[in-house]
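Encoded as structure tokens, the structure appears first; notes follow it.
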2 protein chains.
Amino acid sequence: MVTENEVMNALSQVMDPEIGRSLVELKMIHDLKIAKGGKVSFTLALTVPGCPLRDQMAEDARRALMALPGVKQVDIAFRAMSEEERGFAFAGRQSPQPRLNQFNQATHFIAVMSGKGGVGKSSVTALLACALARQGKKVGILDADITGPSIPRLFGLPPGGLRGDGNGMLPAVTCSGIKVISINLLVPAEDVPVIWRGPMISGAITQFWNDTLWGKLDVLLVDMPPGTSDAALTVLSALPVGGVLMVTMPQGLSSMVVRKAVHLANELKKPVLGVVENMSYYTCPDSGKPHYIFGPGHAEEIAVMAKTEVLIRLPIDPRITELCDAGKVEDVRLAEVDALAEKLLIAAPIQIELK
Amino acid sequence: MVTENEVMNALSQVMDPEIGRSLVELKMIHDLKIAKGGKVSFTLALTVPGCPLRDQMAEDARRALMALPGVKQVDIAFRAMSEEERGFAFAGRQSPQPRLNQFNQATHFIAVMSGKGGVGKSSVTALLACALARQGKKVGILDADITGPSIPRLFGLPPGGLRGDGNGMLPAVTCSGIKVISINLLVPAEDVPVIWRGPMISGAITQFWNDTLWGKLDVLLVDMPPGTSDAALTVLSALPVGGVLMVTMPQGLSSMVVRKAVHLANELKKPVLGVVENMSYYTCPDSGKPHYIFGPGHAEEIAVMAKTEVLIRLPIDPRITELCDAGKVEDVRLAEVDALAEKLLIAAPIQIELK
């Protein structure tokens with residue numbers, strides 16, 4: 001007959017895919033019983049109630065145990081950890097205050113920034129996230145635009161869609177598996193204004209990182225609001241951002257404000273990983289000719305100033321606008337953005353052991 | 001021979017055109033001498049050093065005095081008031097702390113708002129100001145976008161172009177006489193970032209009203225930054241704004257954020273005077289056909305929600321972008337904006353005795 005030790009050994013190979021640590025290490029296995037005839041049963045205590053990966057973890061555990069000689073049947077019950085248990089589960093990390101972000105990890109932690117509003121930071125962030133997800137990466141988007149959040153709308157995520165409690169939040173998950181945190185997932189309707197002064201804005205942004213169970217990500221993108229005030233300062237100085245992707249558009253007026261953002265990134269010692277020029281041109285459907293409706297670009301100047309390069313130029317395309325407005329950004333596929341995703345991961349510094 | 005009394009009576013009809021009060025009332029006349037042969041001389045003490053209206057006031061004074069029987073010659077010297085004199089000059093207003101804005105008046109005080117960035121608040125503000133100036137109005141623009149100021153660039157006003165000292169500031173004046181205050185008139189170069197948290201942003205905005213000698217204006221337009229945080233709250237609650245002009249663009253994503261701004265205006269009891277839809281369409285230069293490149297508009301919905309109407313729709317026009325980028329917004333003339341200027345003044349509440 002199989003021993004308790006063998007079972008626990010097998011389960012120590014099964015990971016919580018969000019946290020990236022084993023069920024045993026996380027003290028999730030309770031009431032283990034091994035009955036005659038090779039029947040193994042236990043309760044899986046989930047770190048967060050209603051964990052969306054519950055069934056995946058159970059299936060992984062079942063497979064690991066069924067592979068052991070002598071195991072014929074595996075029965076798994078579920079419950080949520082108490083707050084005390086969760087503290088205990090995470091206590092091995094020697095933090096006096098067990099926090100959800102203890103196990104948050106992002107190999108690349110990139111802020112998508114512009115300084116200027118309306119140049120398409122959110123669209124670029126969303127399109128980039130989709131391209132990365134298609135390339136098999138685990139992607140998260142932290143929407144740091146508290147007063148003008150656009151990410152949920154782009155992915156068709158409804159207001160009030162966040163799960164969580166006083167202990168923390170779980171990101172919403174899009175159709176293609178991208179994890180999203182945004183203030184517009186917390187408000188009752190998408191057009192409810194968030195009328196907060198700076199310290200509240202900064203507090204919300206740090207909570208979006210510290211009190212959210214992101215788990216293990218390949219890439220976390222931060223969609224920045226316009227400006228070089230509280231939100232930008234908090235993202236670039238309080239979060240472990242490794243680099244900045246700068247988004248601009250052709251208008252000279254816009255590029256002037258984007259240069260302010262480059263100066264801010266320089267001042268806070270965050271490398272600019274590249275420049276994206278959005279709304280570069282519009283291809284006339286009648287003649288097929290490109291029209292430079294916002295004038296000639298200044299992306300090269302920005303790239304030179306930021307000691308980086310222009311990674312891609314994106315067109316204005318009414319079909320893309322339409323899909324974005326309809327919450328179907330995941331249906332957009334642009335070869336340019338696929339290329340951007342690849343270039344960016346080469347440029348982005350790797351973050352180890354984030355906190 | 002003319003008497004001192006007759007001279008002072010005549011000068012009490014001469015106004016400081018910025019402050020809207022007479023030279024006598026402002027205690028600007030010093031060392032008055034009446035010599036034989038009808039020669040009147042005095043020193044004009046200016047409230048602000050280097051006052052740009054110095055020569056105009058002197059000319060007005062000269063004319064008023066030359067009209068008196070017996071006056072053959074008028075000699076005027078200039079100096080700046082001491083701080084004490086200025087306090088004394090303004091003391092009649094019974095404020096314990098004489099402040100420059102004691103004489104600031106704006107018949108209409110209108111915030112140009114959007115919530116969303118990049119929809120063209122600044123362009124609309126500038127074009128509207130030009131149209132009002134062409135209609136003979138005295139217009140000021142308070143650029144409340146501290147981290148992304150665009151107004152100076154649109155009018156070709158150079159960085160560092162503000163005059164003033166610890167006692168206050170004088171707005172820069174554009175070619176067509178529009179008075180402008182913007183943080184980008186204070187920074188050494190236009191792309192120097194202003195890295196301030198909320199309280200500093202709010203402080204700068206209130207100073208732009210309180211510590212600036214705007215004088216008497218027909219219309220003061222406030223160019224608001226994106227968002228519903230510090231800057232928006234300060235403009236709508238600490239400045240005597242009478243109403244809000246809401247700027248939007250067709251994209252559904254943008255109109256969602258604009259609706260947040262409408263809710264904010266409602267909450268702070270500021271009437272929305274009308275909606276401007278910017279970037280409504282692009283007229284293809286090849287076919288002459290309008291292309292709705294950002295999709296169908298949602299301006300009507302916003303207007304209904306804000307209990308107002310859509311005042312105008314503006315096209316995307318590369319020629320306008322080019323003029324704006326070149327600092328020549330005053331060369332743009334759009335019949336739609338002329339109409340907007342007229343409609344707006346009818347809709348805007350009249351402010352009496354602002355402070």
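Every chain in the structure tokens has a letter given in the order shown (A, B, ...), and although residue numbers restart at 1 in each chain, ligands are simply numbered from 1 in the order shown.
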
* Contact set, chain A to chain B: 8 Å, only C-alpha atoms, as a PyMOL selection string -> chain A and resi 115-119+147-150+153-154+190-199+226-230+233+251-253+256-257+259-261+263-264+284+286-287+292-295+316-318+321-322+324-325

Residue selection dump (C-alpha atoms) as a compact mmCIF listing (two decimals), in the first residue's frame:
```txt
# COMPACT_ATOMS: atom_id res chain seq x y z
CA GLY A 115 2.91 61.49 -20.98
CA LYS A 116 0.31 62.59 -23.52
CA GLY A 117 -3.27 61.39 -23.42
CA GLY A 118 -5.11 59.87 -26.32
CA VAL A 119 -2.12 58.59 -28.25
CA THR A 147 -9.50 58.22 -13.71
CA GLY A 148 -9.62 57.13 -17.37
CA PRO A 149 -9.33 53.33 -17.40
CA SER A 150 -9.71 51.77 -20.86
CA ARG A 153 -13.63 48.01 -22.26
CA LEU A 154 -11.07 46.82 -24.82
CA GLU A 190 -18.08 51.92 -16.53
CA ASP A 191 -18.80 55.66 -16.63
CA VAL A 192 -18.78 56.20 -12.86
CA PRO A 193 -16.05 58.76 -12.20
CA VAL A 194 -13.30 58.13 -9.70
CA ILE A 195 -12.90 61.52 -8.05
CA TRP A 196 -9.76 61.02 -6.04
CA ARG A 197 -6.83 63.25 -5.28
CA GLY A 198 -3.24 62.10 -5.76
CA PRO A 199 -2.58 60.05 -2.62
CA PRO A 226 -1.25 60.67 -19.08
CA GLY A 227 0.90 63.08 -17.12
CA THR A 228 3.99 63.08 -14.97
CA SER A 229 2.23 63.41 -11.63
CA ASP A 230 1.15 60.95 -8.93
CA LEU A 233 5.64 58.69 -10.14
CA GLN A 251 1.60 65.49 -34.04
CA GLY A 252 4.43 67.79 -32.94
CA LEU A 253 2.38 68.92 -29.96
CA MET A 256 6.65 67.59 -27.09
CA VAL A 257 4.68 66.11 -24.17
CA ARG A 259 9.58 64.10 -24.49
CA LYS A 260 8.59 65.24 -20.99
CA ALA A 261 7.78 61.61 -20.18
CA HIS A 263 12.84 63.01 -19.21
CA LEU A 264 10.83 61.63 -16.29
CA CYS A 284 -7.59 55.48 -47.77
CA ASP A 286 -10.80 54.26 -51.92
CA SER A 287 -7.34 54.85 -53.30
CA TYR A 292 -0.42 61.21 -42.99
CA ILE A 293 -3.35 62.94 -41.38
CA PHE A 294 -1.56 63.97 -38.20
CA GLY A 295 1.47 65.22 -40.11
CA ILE A 316 -5.18 54.33 -37.92
CA ASP A 317 -7.61 51.61 -38.88
CA PRO A 318 -11.36 52.05 -38.37
CA THR A 321 -11.22 50.98 -33.53
CA GLU A 322 -14.49 49.16 -34.06
CA CYS A 324 -11.66 47.76 -29.63
CA ASP A 325 -14.90 49.65 -28.95
```

* **Every residue of stretch 223-296 of chain B that DSSP places in strand (DSSP E), as an MDAnalysis selection string** => chainID B and resid 223 243:248 272:277 282:283 290:291

How would the residues just picked look written out with N, CA, C and O atoms as a PDB file, in the first residue's frame?
```pdb
ATOM      1  N   ASP B 223      -8.156  75.527 -19.872  1.00  0.00           N
ATOM      2  CA  ASP B 223      -7.852  74.293 -20.587  1.00  0.00           C
ATOM      3  C   ASP B 223      -7.521  73.234 -19.540  1.00  0.00           C
ATOM      4  O   ASP B 223      -6.489  73.300 -18.875  1.00  0.00           O
ATOM      5  N   GLY B 243     -19.239  77.338 -15.931  1.00  0.00           N
ATOM      6  CA  GLY B 243     -19.773  76.230 -16.704  1.00  0.00           C
ATOM      7  C   GLY B 243     -18.665  75.501 -17.437  1.00  0.00           C
ATOM      8  O   GLY B 243     -17.511  75.937 -17.446  1.00  0.00           O
ATOM      9  N   VAL B 244     -19.039  74.376 -18.031  1.00  0.00           N
ATOM     10  CA  VAL B 244     -18.060  73.484 -18.638  1.00  0.00           C
ATOM     11  C   VAL B 244     -18.429  73.228 -20.093  1.00  0.00           C
ATOM     12  O   VAL B 244     -19.597  72.967 -20.412  1.00  0.00           O
ATOM     13  N   LEU B 245     -17.446  73.349 -20.968  1.00  0.00           N
ATOM     14  CA  LEU B 245     -17.628  72.933 -22.361  1.00  0.00           C
ATOM     15  C   LEU B 245     -16.979  71.559 -22.483  1.00  0.00           C
ATOM     16  O   LEU B 245     -15.805  71.392 -22.155  1.00  0.00           O
ATOM     17  N   MET B 246     -17.751  70.569 -22.905  1.00  0.00           N
ATOM     18  CA  MET B 246     -17.252  69.194 -22.909  1.00  0.00           C
ATOM     19  C   MET B 246     -16.793  68.826 -24.319  1.00  0.00           C
ATOM     20  O   MET B 246     -17.549  68.967 -25.275  1.00  0.00           O
ATOM     21  N   VAL B 247     -15.545  68.374 -24.423  1.00  0.00           N
ATOM     22  CA  VAL B 247     -14.996  67.992 -25.730  1.00  0.00           C
ATOM     23  C   VAL B 247     -14.898  66.469 -25.793  1.00  0.00           C
ATOM     24  O   VAL B 247     -14.429  65.834 -24.851  1.00  0.00           O
ATOM     25  N   THR B 248     -15.356  65.903 -26.913  1.00  0.00           N
ATOM     26  CA  THR B 248     -15.268  64.461 -27.069  1.00  0.00           C
ATOM     27  C   THR B 248     -14.783  64.132 -28.471  1.00  0.00           C
ATOM     28  O   THR B 248     -14.555  65.023 -29.280  1.00  0.00           O
ATOM     29  N   VAL B 272     -23.030  71.863 -17.761  1.00  0.00           N
ATOM     30  CA  VAL B 272     -22.335  71.585 -19.019  1.00  0.00           C
ATOM     31  C   VAL B 272     -23.011  72.447 -20.087  1.00  0.00           C
ATOM     32  O   VAL B 272     -24.214  72.327 -20.335  1.00  0.00           O
ATOM     33  N   LEU B 273     -22.235  73.338 -20.695  1.00  0.00           N
ATOM     34  CA  LEU B 273     -22.806  74.345 -21.591  1.00  0.00           C
ATOM     35  C   LEU B 273     -23.015  73.802 -23.001  1.00  0.00           C
ATOM     36  O   LEU B 273     -23.783  74.377 -23.780  1.00  0.00           O
ATOM     37  N   GLY B 274     -22.334  72.723 -23.315  1.00  0.00           N
ATOM     38  CA  GLY B 274     -22.475  72.145 -24.637  1.00  0.00           C
ATOM     39  C   GLY B 274     -21.392  71.115 -24.876  1.00  0.00           C
ATOM     40  O   GLY B 274     -20.461  70.973 -24.073  1.00  0.00           O
ATOM     41  N   VAL B 275     -21.539  70.381 -25.969  1.00  0.00           N
ATOM     42  CA  VAL B 275     -20.584  69.335 -26.322  1.00  0.00           C
ATOM     43  C   VAL B 275     -19.973  69.668 -27.684  1.00  0.00           C
ATOM     44  O   VAL B 275     -20.682  70.080 -28.605  1.00  0.00           O
ATOM     45  N   VAL B 276     -18.665  69.525 -27.774  1.00  0.00           N
ATOM     46  CA  VAL B 276     -17.958  69.669 -29.054  1.00  0.00           C
ATOM     47  C   VAL B 276     -17.437  68.292 -29.438  1.00  0.00           C
ATOM     48  O   VAL B 276     -16.757  67.655 -28.636  1.00  0.00           O
ATOM     49  N   GLU B 277     -17.790  67.825 -30.616  1.00  0.00           N
ATOM     50  CA  GLU B 277     -17.193  66.576 -31.085  1.00  0.00           C
ATOM     51  C   GLU B 277     -16.032  66.910 -32.013  1.00  0.00           C
ATOM     52  O   GLU B 277     -16.231  67.477 -33.081  1.00  0.00           O
ATOM     53  N   TYR B 282     -12.746  62.811 -41.502  1.00  0.00           N
ATOM     54  CA  TYR B 282     -11.593  63.262 -42.280  1.00  0.00           C
ATOM     55  C   TYR B 282     -12.028  63.299 -43.731  1.00  0.00           C
ATOM     56  O   TYR B 282     -12.560  62.318 -44.244  1.00  0.00           O
ATOM     57  N   THR B 283     -11.875  64.449 -44.359  1.00  0.00           N
ATOM     58  CA  THR B 283     -12.276  64.559 -45.754  1.00  0.00           C
ATOM     59  C   THR B 283     -11.106  64.145 -46.639  1.00  0.00           C
ATOM     60  O   THR B 283     -10.050  64.782 -46.615  1.00  0.00           O
ATOM     61  N   PRO B 290     -16.166  62.285 -46.948  1.00  0.00           N
ATOM     62  CA  PRO B 290     -15.821  62.215 -45.523  1.00  0.00           C
ATOM     63  C   PRO B 290     -15.592  60.765 -45.087  1.00  0.00           C
ATOM     64  O   PRO B 290     -16.365  59.876 -45.449  1.00  0.00           O
ATOM     65  N   HIS B 291     -14.502  60.552 -44.334  1.00  0.00           N
ATOM     66  CA  HIS B 291     -14.221  59.216 -43.787  1.00  0.00           C
ATOM     67  C   HIS B 291     -14.353  59.300 -42.271  1.00  0.00           C
ATOM     68  O   HIS B 291     -13.699  60.132 -41.644  1.00  0.00           O
TER      69      HIS B 291
END
```

* Best match for closeness to B:Pro315 among B:Leu170, B:Leu157, B:Val124, B:Leu132, counting only C-alpha atoms ->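 Selected residue with least distance to B:Pro315: B:Val124.
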
* Fewer than 3 positions away in the same chain doesn't count, so skip those; otherwise give me all residues within 10 Å of A:Leu142, counting only C-alpha atoms, as a list in words. =>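 What passes the distance filter is Ala111, Thr125, Asp145, Ile151, Pro171, Lys179, Val180, Ile181, Ser182, Ile183, Ile205, Phe208, Trp209, Trp214, Leu220, Leu221, Val222, Asp223 and Met224 of chain A.
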
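In this model, the gap between atom CA of B:Pro349 and atom CA of B:Ala106 comes to 11.0 Å.
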
* Spatial neighbours of B:Leu44, max dist 6 Å, only C-alpha atoms, sep filter under 5 positions, as a list in words ->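 Returned residues: Met28, Ile29 and Phe78 of chain B.
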
* Asked: Among stretch 143-191 of chain B, which residues carry a DSSP assignment of alpha helix (DSSP H), reported as a PyMOL selection string?
  -> chain B and resi 151-155

* Asked: Which residue, A:Ala238, A:Glu330, A:Leu46, A:Pro250, has the smallest gap to A:Ser280 when you use only C-alpha atoms?
  -> A:Pro250

* Compile the contact shell of B:Asn5 as a list in words: residues with an atom at most 12 Å away, counting only C-alpha atoms, same-chain residues fewer than 3 positions apart removed. =>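 Selected residues are Met1, Val2, Met8, Asn9, Ala10, Leu11, Ser12, Val24, Leu32, Lys33, Ile34, Leu65 and Leu68 of chain B.
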